[in-house]
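Peer 1: Mind having a look at this structure? Questions to follow.
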Amino acid sequence: MSSATMDIMSNKMKRDRWLGYFGRLLIVFAALAFAFFPIIWIVSASLNETGTLNTQKLIPTNAGLDNYRTLLNSNVHPFATWMWNSIKVSAITAILTVFVCALGAYAFSRFRFTGRRNLMLTIFLVQVFPNSLTIVATFLLIQTIGRHIPSFGLNSHGGLILVYLGGALGINTWLMKGFFDSIPRELDESARIDGASDWLIFWRIIFPLVRPILAVVGILSFVGTYGDVIIALTLLKDKEVQTLAIGLNRFITDSFNQEWGVFSAGALIGAIPIVIVILSFQRFFVSGLTEGAVKG
């Protein structure tokens, strides 16, 4: 092979390599633009002081913070109350979901009792039905509970948390059980020889080892509860007890075009707790997903 031919082939390989490199960069930039455009559009809308869809531009000509002032100082829409209600309900639901699911997963993973497999199958099958199919039954059930215990009835955060817990226990218990099964049983046996009880084994030995999956379940539960609209809208009627998702829904149903800028400002501020939670537990969340993919 002549030197000229080798040079041509070398130049062709370099050109193909550069084309492949720029092609990958183009795909990456296209994906980033697709992912970040809605966020940029919402930020732009929140800074647009005219606050309507008809005047919305990617780069607003009269940018300002009037929408944020209107949102935070409004007497008609208690944004701060809505946000606090969402954080409270989501945090309590996430903590209770993690704790109760961990207890159930530990029992299914470590104990052998009559009806264990049938009970696990029942829990799994219940989760197959969408929550939207049970809205009417859920409403009537919470209404009945509220007649005897008002704190867990309609228009209460207690009743809302009960419904969220009932919907989250099944699939999360299954998810945790697979992770619990990967913990060697020799640890249990060694602790039991030393005189440890089942509760001590769970709390002092097993619980710290499954922190990644606990973080995954906690984050998913918090995010899912924080952004829920259908169940919260069905059970909560008074403005003072409603969550952020319902509150922002008021801007859409009442005067969407006129209050588009205020709605965008509320959506951005409302996303802050989600970002904080994910960033705070990101290390456990990533490890829980990757380890859970090969365990169980």
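Ordering of the structure tokens sets the chain letters (A, B, ...), residue numbers begin anew at 1 in every chain, and ligands are numbered from 1 in the order given.
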Residues near range 153-165 of chain A, anyone? I mean within 12 Å using only C-alpha atoms, not counting same-chain ones fewer than 5 positions away, as a PyMOL selection string.
Peer 2: chain A and resi 84-101+131+134-135+137-148+170-173+218+221-226+228-243
Peer 1: Tell me, as a list in words, which residues lie within 12 Å of Arg110 in chain A, counting only C-alpha atoms; anything in the same chain fewer than 6 positions away does not count.
Peer 2: Ala102, Leu103, Gly104, Arg116, Lys177, Gly178, Phe179, Phe180, Asp181, Ser182, Ile183, Pro184, Arg185, Glu186, Leu187, Asp188, Glu189, Asp198, Trp199, Ile201, Phe202 and Ile206 of chain A
Peer 1: Residues of the last selection are to be written out with N, CA and C atoms, as a CSV table (one decimal), in the first residue's frame.
Peer 2:
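Listing of part-v9.csv after writing:
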chain,number,residue,atom,x,y,z
A,102,ALA,N,-40.8,-0.9,55.4
A,102,ALA,CA,-39.6,-1.6,55.9
A,102,ALA,C,-40.0,-2.7,56.8
A,103,LEU,N,-41.0,-2.5,57.7
A,103,LEU,CA,-41.4,-3.5,58.6
A,103,LEU,C,-42.1,-4.7,57.9
A,104,GLY,N,-42.9,-4.3,56.9
A,104,GLY,CA,-43.6,-5.4,56.1
A,104,GLY,C,-42.6,-6.2,55.3
A,116,ARG,N,-48.2,-16.7,53.6
A,116,ARG,CA,-47.3,-15.7,53.3
A,116,ARG,C,-47.3,-15.4,51.8
A,177,LYS,N,-38.6,-5.7,49.7
A,177,LYS,CA,-38.4,-7.1,50.0
A,177,LYS,C,-37.3,-7.7,49.2
A,178,GLY,N,-37.2,-7.3,47.9
A,178,GLY,CA,-36.1,-7.8,47.1
A,178,GLY,C,-34.8,-7.3,47.6
A,179,PHE,N,-34.7,-6.1,48.2
A,179,PHE,CA,-33.5,-5.6,48.8
A,179,PHE,C,-33.1,-6.3,50.1
A,180,PHE,N,-34.2,-6.6,50.9
A,180,PHE,CA,-34.0,-7.3,52.2
A,180,PHE,C,-33.5,-8.7,51.9
A,181,ASP,N,-34.0,-9.3,50.9
A,181,ASP,CA,-33.5,-10.7,50.6
A,181,ASP,C,-32.0,-10.8,50.3
A,182,SER,N,-31.4,-9.7,49.8
A,182,SER,CA,-30.0,-9.7,49.5
A,182,SER,C,-29.1,-9.6,50.7
A,183,ILE,N,-29.7,-9.2,51.9
A,183,ILE,CA,-28.9,-9.1,53.1
A,183,ILE,C,-28.6,-10.6,53.6
A,184,PRO,N,-27.4,-11.0,53.8
A,184,PRO,CA,-27.1,-12.3,54.3
A,184,PRO,C,-27.8,-12.7,55.6
A,185,ARG,N,-28.4,-13.8,55.6
A,185,ARG,CA,-29.1,-14.3,56.8
A,185,ARG,C,-28.2,-14.6,58.0
A,186,GLU,N,-26.9,-14.8,57.6
A,186,GLU,CA,-25.9,-15.1,58.7
A,186,GLU,C,-25.8,-14.0,59.7
A,187,LEU,N,-26.1,-12.7,59.3
A,187,LEU,CA,-26.1,-11.6,60.2
A,187,LEU,C,-27.2,-11.8,61.3
A,188,ASP,N,-28.4,-12.2,60.8
A,188,ASP,CA,-29.5,-12.4,61.7
A,188,ASP,C,-29.1,-13.6,62.7
A,189,GLU,N,-28.6,-14.6,62.2
A,189,GLU,CA,-28.3,-15.8,63.0
A,189,GLU,C,-27.2,-15.4,64.1
A,198,ASP,N,-35.8,-10.0,67.5
A,198,ASP,CA,-36.1,-9.7,66.1
A,198,ASP,C,-36.2,-8.2,65.9
A,199,TRP,N,-36.7,-7.4,66.8
A,199,TRP,CA,-36.8,-6.0,66.7
A,199,TRP,C,-35.4,-5.4,66.7
A,201,ILE,N,-32.6,-6.9,65.9
A,201,ILE,CA,-31.9,-7.2,64.6
A,201,ILE,C,-32.4,-6.3,63.5
A,202,PHE,N,-33.7,-6.1,63.4
A,202,PHE,CA,-34.2,-5.2,62.4
A,202,PHE,C,-33.7,-3.8,62.5
A,206,ILE,N,-30.2,-4.7,60.3
A,206,ILE,CA,-30.8,-4.7,58.9
A,206,ILE,C,-31.1,-3.3,58.4
Peer 1: Rounded to one decimal in Å, what is the spacing between CA of Ala80 in chain A and CA of Leu244 in chain A?
Peer 2: 8.7 Å
Peer 1: If we count only C-alpha atoms, what is near Gly270 in chain A at a cut-off of 9 Å, once residues fewer than 4 positions away on the same chain are taken out, given as a list in words?
Peer 2: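 Residues near the query, excluding close chain neighbours: Met83, Leu244, Ala245, Ala265, Gly266 and Ile274 of chain A.
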Peer 1: Let's see if you can do this: from backbone DSSP, list all helix (DSSP H, G or I) residues in range 183-252 of chain A, as number ranges by chain.
Peer 2: A: 185-193, 198-209, 211-226, 230-235, 239-241, 244-252
Peer 1: Next, write the just-selected residues to a file, as an mmCIF file, in the first residue's frame, keeping C-alpha atoms as the atom set.
Peer 2:
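Result saved to selection_0.cif:
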data_model
loop_
_atom_site.group_PDB
_atom_site.id
_atom_site.type_symbol
_atom_site.label_atom_id
_atom_site.label_comp_id
_atom_site.auth_asym_id
_atom_site.auth_seq_id
_atom_site.Cartn_x
_atom_site.Cartn_y
_atom_site.Cartn_z
ATOM 1 C CA ARG A 185 -29.144 -14.281 56.847
ATOM 2 C CA GLU A 186 -25.920 -15.101 58.678
ATOM 3 C CA LEU A 187 -26.095 -11.626 60.209
ATOM 4 C CA ASP A 188 -29.482 -12.450 61.731
ATOM 5 C CA GLU A 189 -28.267 -15.789 63.040
ATOM 6 C CA SER A 190 -25.139 -14.313 64.599
ATOM 7 C CA ALA A 191 -27.136 -11.581 66.317
ATOM 8 C CA ARG A 192 -29.730 -14.084 67.533
ATOM 9 C CA ILE A 193 -26.973 -16.239 69.062
ATOM 10 C CA ASP A 198 -36.137 -9.697 66.122
ATOM 11 C CA TRP A 199 -36.799 -5.995 66.662
ATOM 12 C CA LEU A 200 -33.184 -5.331 67.650
ATOM 13 C CA ILE A 201 -31.948 -7.246 64.602
ATOM 14 C CA PHE A 202 -34.212 -5.205 62.364
ATOM 15 C CA TRP A 203 -33.453 -1.807 63.873
ATOM 16 C CA ARG A 204 -29.725 -2.105 64.660
ATOM 17 C CA ILE A 205 -28.454 -4.452 61.935
ATOM 18 C CA ILE A 206 -30.774 -4.691 58.919
ATOM 19 C CA PHE A 207 -32.193 -1.164 58.840
ATOM 20 C CA PRO A 208 -28.820 0.625 58.431
ATOM 21 C CA LEU A 209 -27.809 -1.765 55.633
ATOM 22 C CA ARG A 211 -30.549 2.817 53.528
ATOM 23 C CA PRO A 212 -30.289 3.101 49.717
ATOM 24 C CA ILE A 213 -33.673 1.473 49.103
ATOM 25 C CA LEU A 214 -35.169 3.476 51.970
ATOM 26 C CA ALA A 215 -34.012 6.656 50.244
ATOM 27 C CA VAL A 216 -35.491 5.511 46.923
ATOM 28 C CA VAL A 217 -38.881 4.745 48.463
ATOM 29 C CA GLY A 218 -38.848 7.944 50.517
ATOM 30 C CA ILE A 219 -38.036 10.179 47.547
ATOM 31 C CA LEU A 220 -40.562 8.520 45.247
ATOM 32 C CA SER A 221 -43.228 8.752 47.933
ATOM 33 C CA PHE A 222 -42.471 12.422 48.648
ATOM 34 C CA VAL A 223 -42.449 13.429 44.982
ATOM 35 C CA GLY A 224 -45.586 11.451 44.130
ATOM 36 C CA THR A 225 -47.528 12.875 47.070
ATOM 37 C CA TYR A 226 -46.283 16.416 46.527
ATOM 38 C CA ILE A 230 -56.761 13.969 41.811
ATOM 39 C CA ILE A 231 -56.885 12.466 45.317
ATOM 40 C CA ALA A 232 -56.165 15.750 47.101
ATOM 41 C CA LEU A 233 -58.805 17.563 45.032
ATOM 42 C CA THR A 234 -61.351 14.865 45.913
ATOM 43 C CA LEU A 235 -60.749 14.904 49.673
ATOM 44 C CA LYS A 239 -58.807 26.541 50.717
ATOM 45 C CA GLU A 240 -56.857 26.601 54.004
ATOM 46 C CA VAL A 241 -56.171 22.843 54.008
ATOM 47 C CA LEU A 244 -49.956 23.305 46.461
ATOM 48 C CA ALA A 245 -51.017 21.190 43.487
ATOM 49 C CA ILE A 246 -54.673 22.100 44.048
ATOM 50 C CA GLY A 247 -53.793 25.732 44.691
ATOM 51 C CA LEU A 248 -51.897 26.054 41.430
ATOM 52 C CA ASN A 249 -54.804 24.316 39.728
ATOM 53 C CA ARG A 250 -56.955 27.276 40.785
ATOM 54 C CA PHE A 251 -54.880 29.582 38.586
ATOM 55 C CA ILE A 252 -55.575 27.278 35.630
#
Peer 1: Tell me, in Å to one decimal, how far CA of Ile42 in chain A is from CA of Ala267 in chain A.
Peer 2: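 Separation between CA of Ile42 in chain A and CA of Ala267 in chain A: 8.1 Å.
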Peer 1: Excluding same-chain residues fewer than 6 positions from range 61-76 of chain A, what lies within 10 Å of it counting only C-alpha atoms, as a ChimeraX atom specification?
Peer 2: /A:44-51,55,239,259-266,268-269
